[in-house]
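Structure below is query-v2.pdb: PDB, C-alpha atoms, pLDDT in the B column.
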ATOM      1  CA  MET A   4     -84.921  -9.265  50.672  1.00 55.00           C
ATOM      2  CA  PRO A   5     -87.077  -8.339  47.858  1.00 65.00           C
ATOM      3  CA  GLN A   6     -84.290  -8.021  45.274  1.00 68.00           C
ATOM      4  CA  ILE A   7     -83.396 -11.649  45.591  1.00 72.00           C
ATOM      5  CA  ALA A   8     -86.993 -12.692  45.183  1.00 71.00           C
ATOM      6  CA  GLN A   9     -87.260 -10.788  41.919  1.00 73.00           C
ATOM      7  CA  LEU A  10     -84.055 -12.247  40.574  1.00 71.00           C
ATOM      8  CA  ALA A  11     -85.754 -15.256  39.009  1.00 69.00           C
ATOM      9  CA  GLU A  12     -88.320 -13.080  37.200  1.00 72.00           C
ATOM     10  CA  ILE A  13     -85.873 -10.580  35.666  1.00 76.00           C
ATOM     11  CA  TYR A  14     -82.924 -12.914  35.255  1.00 78.00           C
ATOM     12  CA  SER A  15     -84.104 -14.439  31.994  1.00 79.00           C
ATOM     13  CA  SER A  16     -85.001 -11.096  30.401  1.00 81.00           C
ATOM     14  CA  GLN A  17     -81.593  -9.613  31.336  1.00 82.00           C
ATOM     15  CA  ILE A  18     -79.793 -12.568  29.817  1.00 85.00           C
ATOM     16  CA  PHE A  19     -81.884 -12.231  26.635  1.00 89.00           C
ATOM     17  CA  TRP A  20     -81.090  -8.532  26.228  1.00 89.00           C
ATOM     18  CA  MET A  21     -77.480  -9.102  27.116  1.00 92.00           C
ATOM     19  CA  LEU A  22     -77.209 -11.694  24.308  1.00 95.00           C
ATOM     20  CA  VAL A  23     -78.982  -9.347  21.868  1.00 96.00           C
ATOM     21  CA  VAL A  24     -76.610  -6.434  22.686  1.00 96.00           C
ATOM     22  CA  PHE A  25     -73.482  -8.603  22.509  1.00 95.00           C
ATOM     23  CA  GLY A  26     -74.711 -10.120  19.236  1.00 94.00           C
ATOM     24  CA  LEU A  27     -75.258  -6.663  17.751  1.00 94.00           C
ATOM     25  CA  ILE A  28     -71.839  -5.542  18.923  1.00 93.00           C
ATOM     26  CA  TYR A  29     -70.296  -8.705  17.460  1.00 92.00           C
ATOM     27  CA  PHE A  30     -71.962  -8.231  14.061  1.00 92.00           C
ATOM     28  CA  VAL A  31     -71.118  -4.506  13.946  1.00 89.00           C
ATOM     29  CA  ILE A  32     -67.484  -5.228  14.752  1.00 88.00           C
ATOM     30  CA  ALA A  33     -67.326  -8.249  12.400  1.00 88.00           C
ATOM     31  CA  LYS A  34     -68.964  -6.452   9.450  1.00 90.00           C
ATOM     32  CA  SER A  35     -67.550  -2.926   9.702  1.00 88.00           C
ATOM     33  CA  MET A  36     -64.395  -2.821  11.812  1.00 89.00           C
ATOM     34  CA  LEU A  37     -62.814  -6.193  11.152  1.00 89.00           C
ATOM     35  CA  PRO A  38     -62.523  -5.750   7.347  1.00 90.00           C
ATOM     36  CA  LYS A  39     -60.770  -2.396   7.884  1.00 91.00           C
ATOM     37  CA  ILE A  40     -58.359  -3.940  10.374  1.00 90.00           C
ATOM     38  CA  GLU A  41     -57.681  -6.887   8.038  1.00 92.00           C
ATOM     39  CA  ALA A  42     -57.118  -4.506   5.099  1.00 93.00           C
ATOM     40  CA  THR A  43     -54.669  -2.471   7.189  1.00 94.00           C
ATOM     41  CA  MET A  44     -52.799  -5.604   8.273  1.00 95.00           C
ATOM     42  CA  ASP A  45     -52.723  -6.979   4.709  1.00 95.00           C
ATOM     43  CA  GLY A  46     -51.424  -3.605   3.461  1.00 96.00           C
ATOM     44  CA  ARG A  47     -48.690  -3.601   6.062  1.00 96.00           C
ATOM     45  CA  ASP A  48     -47.730  -7.194   5.213  1.00 96.00           C
ATOM     46  CA  LYS A  49     -47.623  -6.287   1.525  1.00 97.00           C
ATOM     47  CA  ARG A  50     -45.431  -3.215   2.203  1.00 97.00           C
ATOM     48  CA  VAL A  51     -43.111  -5.273   4.396  1.00 96.00           C
ATOM     49  CA  ARG A  52     -42.750  -7.912   1.644  1.00 96.00           C
ATOM     50  CA  GLU A  53     -42.123  -5.204  -0.974  1.00 96.00           C
ATOM     51  CA  ASP A  54     -39.581  -3.515   1.289  1.00 96.00           C
ATOM     52  CA  LEU A  55     -37.809  -6.838   1.842  1.00 96.00           C
ATOM     53  CA  VAL A  56     -37.701  -7.452  -1.918  1.00 96.00           C
ATOM     54  CA  ALA A  57     -36.399  -3.910  -2.505  1.00 96.00           C
ATOM     55  CA  ALA A  58     -33.792  -4.365   0.234  1.00 96.00           C
ATOM     56  CA  SER A  59     -32.707  -7.664  -1.305  1.00 95.00           C
ATOM     57  CA  ARG A  60     -32.445  -5.995  -4.716  1.00 96.00           C
ATOM     58  CA  ALA A  61     -30.493  -3.086  -3.237  1.00 96.00           C
ATOM     59  CA  ARG A  62     -28.178  -5.499  -1.440  1.00 96.00           C
ATOM     60  CA  SER A  63     -27.444  -7.429  -4.635  1.00 95.00           C
ATOM     61  CA  ASP A  64     -26.831  -4.114  -6.457  1.00 95.00           C
ATOM     62  CA  ALA A  65     -24.498  -3.033  -3.669  1.00 96.00           C
ATOM     63  CA  ASP A  66     -22.677  -6.381  -3.849  1.00 95.00           C
ATOM     64  CA  GLU A  67     -22.251  -5.952  -7.611  1.00 95.00           C
ATOM     65  CA  ALA A  68     -21.019  -2.386  -7.130  1.00 96.00           C
ATOM     66  CA  GLU A  69     -18.571  -3.566  -4.479  1.00 95.00           C
ATOM     67  CA  ALA A  70     -17.303  -6.324  -6.764  1.00 95.00           C
ATOM     68  CA  GLY A  71     -16.811  -3.766  -9.543  1.00 95.00           C
ATOM     69  CA  TYR A  72     -15.048  -1.433  -7.119  1.00 96.00           C
ATOM     70  CA  ARG A  73     -12.762  -4.216  -5.946  1.00 96.00           C
ATOM     71  CA  ALA A  74     -11.988  -5.177  -9.554  1.00 96.00           C
ATOM     72  CA  ARG A  75     -11.161  -1.569 -10.471  1.00 96.00           C
ATOM     73  CA  LEU A  76      -9.093  -1.241  -7.314  1.00 96.00           C
ATOM     74  CA  ALA A  77      -7.151  -4.400  -8.203  1.00 95.00           C
ATOM     75  CA  GLU A  78      -6.594  -3.090 -11.743  1.00 96.00           C
ATOM     76  CA  ALA A  79      -5.399   0.259 -10.405  1.00 96.00           C
ATOM     77  CA  ARG A  80      -3.116  -1.473  -7.913  1.00 96.00           C
ATOM     78  CA  ALA A  81      -1.639  -3.652 -10.680  1.00 96.00           C
ATOM     79  CA  ALA A  82      -1.140  -0.607 -12.914  1.00 95.00           C
ATOM     80  CA  ALA A  83       0.565   1.249 -10.059  1.00 96.00           C
ATOM     81  CA  GLN A  84       2.860  -1.700  -9.386  1.00 96.00           C
ATOM     82  CA  LYS A  85       3.679  -1.916 -13.085  1.00 96.00           C
ATOM     83  CA  ALA A  86       4.420   1.816 -13.247  1.00 95.00           C
ATOM     84  CA  ALA A  87       6.578   1.569 -10.126  1.00 95.00           C
ATOM     85  CA  ALA A  88       8.501  -1.367 -11.599  1.00 95.00           C
ATOM     86  CA  GLU A  89       9.022   0.521 -14.872  1.00 95.00           C
ATOM     87  CA  ALA A  90      10.183   3.622 -13.003  1.00 95.00           C
ATOM     88  CA  LYS A  91      12.514   1.500 -10.902  1.00 95.00           C
ATOM     89  CA  SER A  92      14.025  -0.191 -13.945  1.00 94.00           C
ATOM     90  CA  ALA A  93      14.365   3.161 -15.737  1.00 94.00           C
ATOM     91  CA  ALA A  94      16.056   4.657 -12.678  1.00 94.00           C
ATOM     92  CA  ALA A  95      18.365   1.638 -12.442  1.00 94.00           C
ATOM     93  CA  ALA A  96      19.273   1.947 -16.125  1.00 93.00           C
ATOM     94  CA  GLU A  97      19.908   5.671 -15.746  1.00 94.00           C
ATOM     95  CA  ALA A  98      22.015   5.073 -12.636  1.00 94.00           C
ATOM     96  CA  GLU A  99      23.991   2.390 -14.468  1.00 94.00           C
ATOM     97  CA  THR A 100      24.605   4.789 -17.350  1.00 94.00           C
ATOM     98  CA  ARG A 101      25.783   7.474 -14.925  1.00 94.00           C
ATOM     99  CA  VAL A 102      28.048   4.988 -13.141  1.00 93.00           C
ATOM    100  CA  LYS A 103      29.571   3.891 -16.445  1.00 94.00           C
ATOM    101  CA  ALA A 104      30.170   7.520 -17.434  1.00 92.00           C
ATOM    102  CA  ALA A 105      31.723   8.235 -14.034  1.00 92.00           C
ATOM    103  CA  ASP A 106      33.862   5.099 -14.373  1.00 92.00           C
ATOM    104  CA  ALA A 107      35.047   6.262 -17.790  1.00 92.00           C
ATOM    105  CA  VAL A 108      35.923   9.696 -16.414  1.00 92.00           C
ATOM    106  CA  SER A 109      37.676   8.090 -13.457  1.00 93.00           C
ATOM    107  CA  ALA A 110      39.580   5.729 -15.732  1.00 92.00           C
ATOM    108  CA  THR A 111      40.683   8.663 -17.907  1.00 94.00           C
ATOM    109  CA  LYS A 112      41.804  10.630 -14.861  1.00 93.00           C
ATOM    110  CA  LEU A 113      43.600   7.565 -13.500  1.00 94.00           C
ATOM    111  CA  ALA A 114      45.411   7.008 -16.793  1.00 93.00           C
ATOM    112  CA  ASP A 115      46.436  10.685 -16.898  1.00 93.00           C
ATOM    113  CA  ALA A 116      47.639  10.513 -13.292  1.00 93.00           C
ATOM    114  CA  GLU A 117      49.608   7.315 -13.974  1.00 93.00           C
ATOM    115  CA  ALA A 118      51.201   8.915 -17.043  1.00 93.00           C
ATOM    116  CA  ARG A 119      52.181  12.006 -15.050  1.00 93.00           C
ATOM    117  CA  LEU A 120      53.505   9.795 -12.257  1.00 94.00           C
ATOM    118  CA  ALA A 121      55.583   7.778 -14.727  1.00 91.00           C
ATOM    119  CA  VAL A 122      57.028  10.976 -16.195  1.00 92.00           C
ATOM    120  CA  GLN A 123      57.828  12.315 -12.736  1.00 91.00           C
ATOM    121  CA  ARG A 124      59.347   8.967 -11.690  1.00 87.00           C
ATOM    122  CA  ASN A 125      61.556   8.908 -14.771  1.00 85.00           C
ATOM    123  CA  GLU A 126      62.603  12.487 -14.104  1.00 85.00           C
ATOM    124  CA  ALA A 127      63.296  11.605 -10.466  1.00 84.00           C
ATOM    125  CA  LEU A 128      65.311   8.541 -11.520  1.00 76.00           C
ATOM    126  CA  ALA A 129      67.295  10.631 -13.959  1.00 76.00           C
ATOM    127  CA  THR A 130      67.921  13.179 -11.253  1.00 83.00           C
ATOM    128  CA  ILE A 131      68.801  10.444  -8.757  1.00 81.00           C
ATOM    129  CA  GLU A 132      71.233   8.877 -11.241  1.00 80.00           C
ATOM    130  CA  GLY A 133      72.881  12.242 -11.749  1.00 82.00           C
ATOM    131  CA  VAL A 134      73.050  12.928  -8.019  1.00 84.00           C
ATOM    132  CA  ALA A 135      74.270   9.379  -7.341  1.00 84.00           C
ATOM    133  CA  ALA A 136      76.955   9.738 -10.033  1.00 83.00           C
ATOM    134  CA  GLU A 137      78.118  13.051  -8.542  1.00 85.00           C
ATOM    135  CA  ALA A 138      78.075  11.559  -5.038  1.00 86.00           C
ATOM    136  CA  ALA A 139      80.053   8.547  -6.247  1.00 84.00           C
ATOM    137  CA  GLN A 140      82.633  10.833  -7.889  1.00 84.00           C
ATOM    138  CA  ASP A 141      82.892  12.904  -4.735  1.00 87.00           C
ATOM    139  CA  ILE A 142      83.173   9.841  -2.435  1.00 85.00           C
ATOM    140  CA  VAL A 143      85.866   8.242  -4.592  1.00 84.00           C
ATOM    141  CA  GLN A 144      87.704  11.575  -4.767  1.00 84.00           C
ATOM    142  CA  ARG A 145      87.658  11.988  -0.989  1.00 86.00           C
ATOM    143  CA  LEU A 146      88.453   8.397  -0.100  1.00 86.00           C
ATOM    144  CA  SER A 147      91.101   7.561  -2.648  1.00 86.00           C
ATOM    145  CA  GLY A 148      92.035  10.944  -3.981  1.00 82.00           C
ATOM    146  CA  VAL A 149      91.503   9.709  -7.550  1.00 83.00           C
ATOM    147  CA  ALA A 150      89.266  11.712  -9.894  1.00 84.00           C
ATOM    148  CA  VAL A 151      86.661   9.560 -11.679  1.00 82.00           C
ATOM    149  CA  ALA A 152      85.280  10.606 -15.065  1.00 85.00           C
ATOM    150  CA  ARG A 153      81.608  11.536 -15.207  1.00 83.00           C
ATOM    151  CA  ASP A 154      80.721   8.883 -17.829  1.00 86.00           C
ATOM    152  CA  ARG A 155      82.346   6.100 -15.732  1.00 84.00           C
ATOM    153  CA  ALA A 156      80.431   7.272 -12.628  1.00 82.00           C
ATOM    154  CA  ASP A 157      77.173   7.304 -14.618  1.00 83.00           C
ATOM    155  CA  ALA A 158      77.838   3.767 -15.929  1.00 85.00           C
ATOM    156  CA  ALA A 159      78.591   2.460 -12.425  1.00 83.00           C
ATOM    157  CA  VAL A 160      75.373   3.996 -10.999  1.00 81.00           C
ATOM    158  CA  LYS A 161      73.292   2.539 -13.869  1.00 82.00           C
ATOM    159  CA  ALA A 162      74.799  -0.896 -13.311  1.00 85.00           C
ATOM    160  CA  ALA A 163      74.094  -0.727  -9.574  1.00 83.00           C
ATOM    161  CA  LEU A 164      70.479   0.388 -10.153  1.00 79.00           C
ATOM    162  CA  ALA A 165      69.964  -2.322 -12.757  1.00 80.00           C
ATOM    163  CA  GLN A 166      71.065  -4.982 -10.230  1.00 84.00           C
ATOM    164  CA  GLN A 167      68.556  -3.678  -7.635  1.00 77.00           C
ATOM    165  CA  GLY A 168      65.587  -3.149  -9.935  1.00 62.00           C
TER     166      GLY A 168
END
Written as structure tokens, how would this file's structure read?
Amino acid sequence: MPQIAQLAEIYSSQIFWMLVVFGLIYFVIAKSMLPKIEATMDGRDKRVREDLVAASRARSDADEAEAGYRARLAEARAAAQKAAAEAKSAAAAEAETRVKAADAVSATKLADAEARLAVQRNEALATIEGVAAEAAQDIVQRLSGVAVARDRADAAVKAALAQQG
């Protein structure tokens, strides 16, 4: 085969030109493309670092804002509890005042009712004494046939009621 016989003659020249072409490609890539790629990568790294710093700053700002929010929320909650306690105590005081006024009205009504009851009881007792005296006169008249004077019948009824009461 003639191609194999020529291999030794053209082998060295092909290797030479292959090394020259690869060397040129290497230098073209190293001198023109590699700096652009490195610049792009450095730019991305720089942007990532800046973004991380900005995110850290934003996070600390958010933490401060949250702390302020929580503090204001706690203050508002304390103010609401204080207002509720004041309203509760005011309502309790007002209720106590109303209860005292109602108690006074009830006590007045009770005293009036007791006074009316005492008057009615005294009237009833007077009526009962009169009825009892008349009944005693009538009973004595029917049983013994003797007429008893009204003043003696009244005195006997009073004495009997005094012994019971």
Rounded to one decimal, what separation in Å do you get between CA of Ile18 in chain A and CA of Ser35 in chain A? 25.4 Å
List, as a ChimeraX atom specification, every residue that the PyMOL selection byres ((chain A and resi 134-146) around 9) selects in the file provided. /A:129-133,147-161
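Here CA of Arg124 in chain A stands at a distance of 16.2 Å from CA of Gln167 in chain A.
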What does the distance from CA of Ala114 in chain A to CA of Glu97 in chain A come to in Å, to one decimal?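 Taking CA of Ala114 in chain A as the start and CA of Glu97 in chain A as the end point, the length is 25.6 Å.
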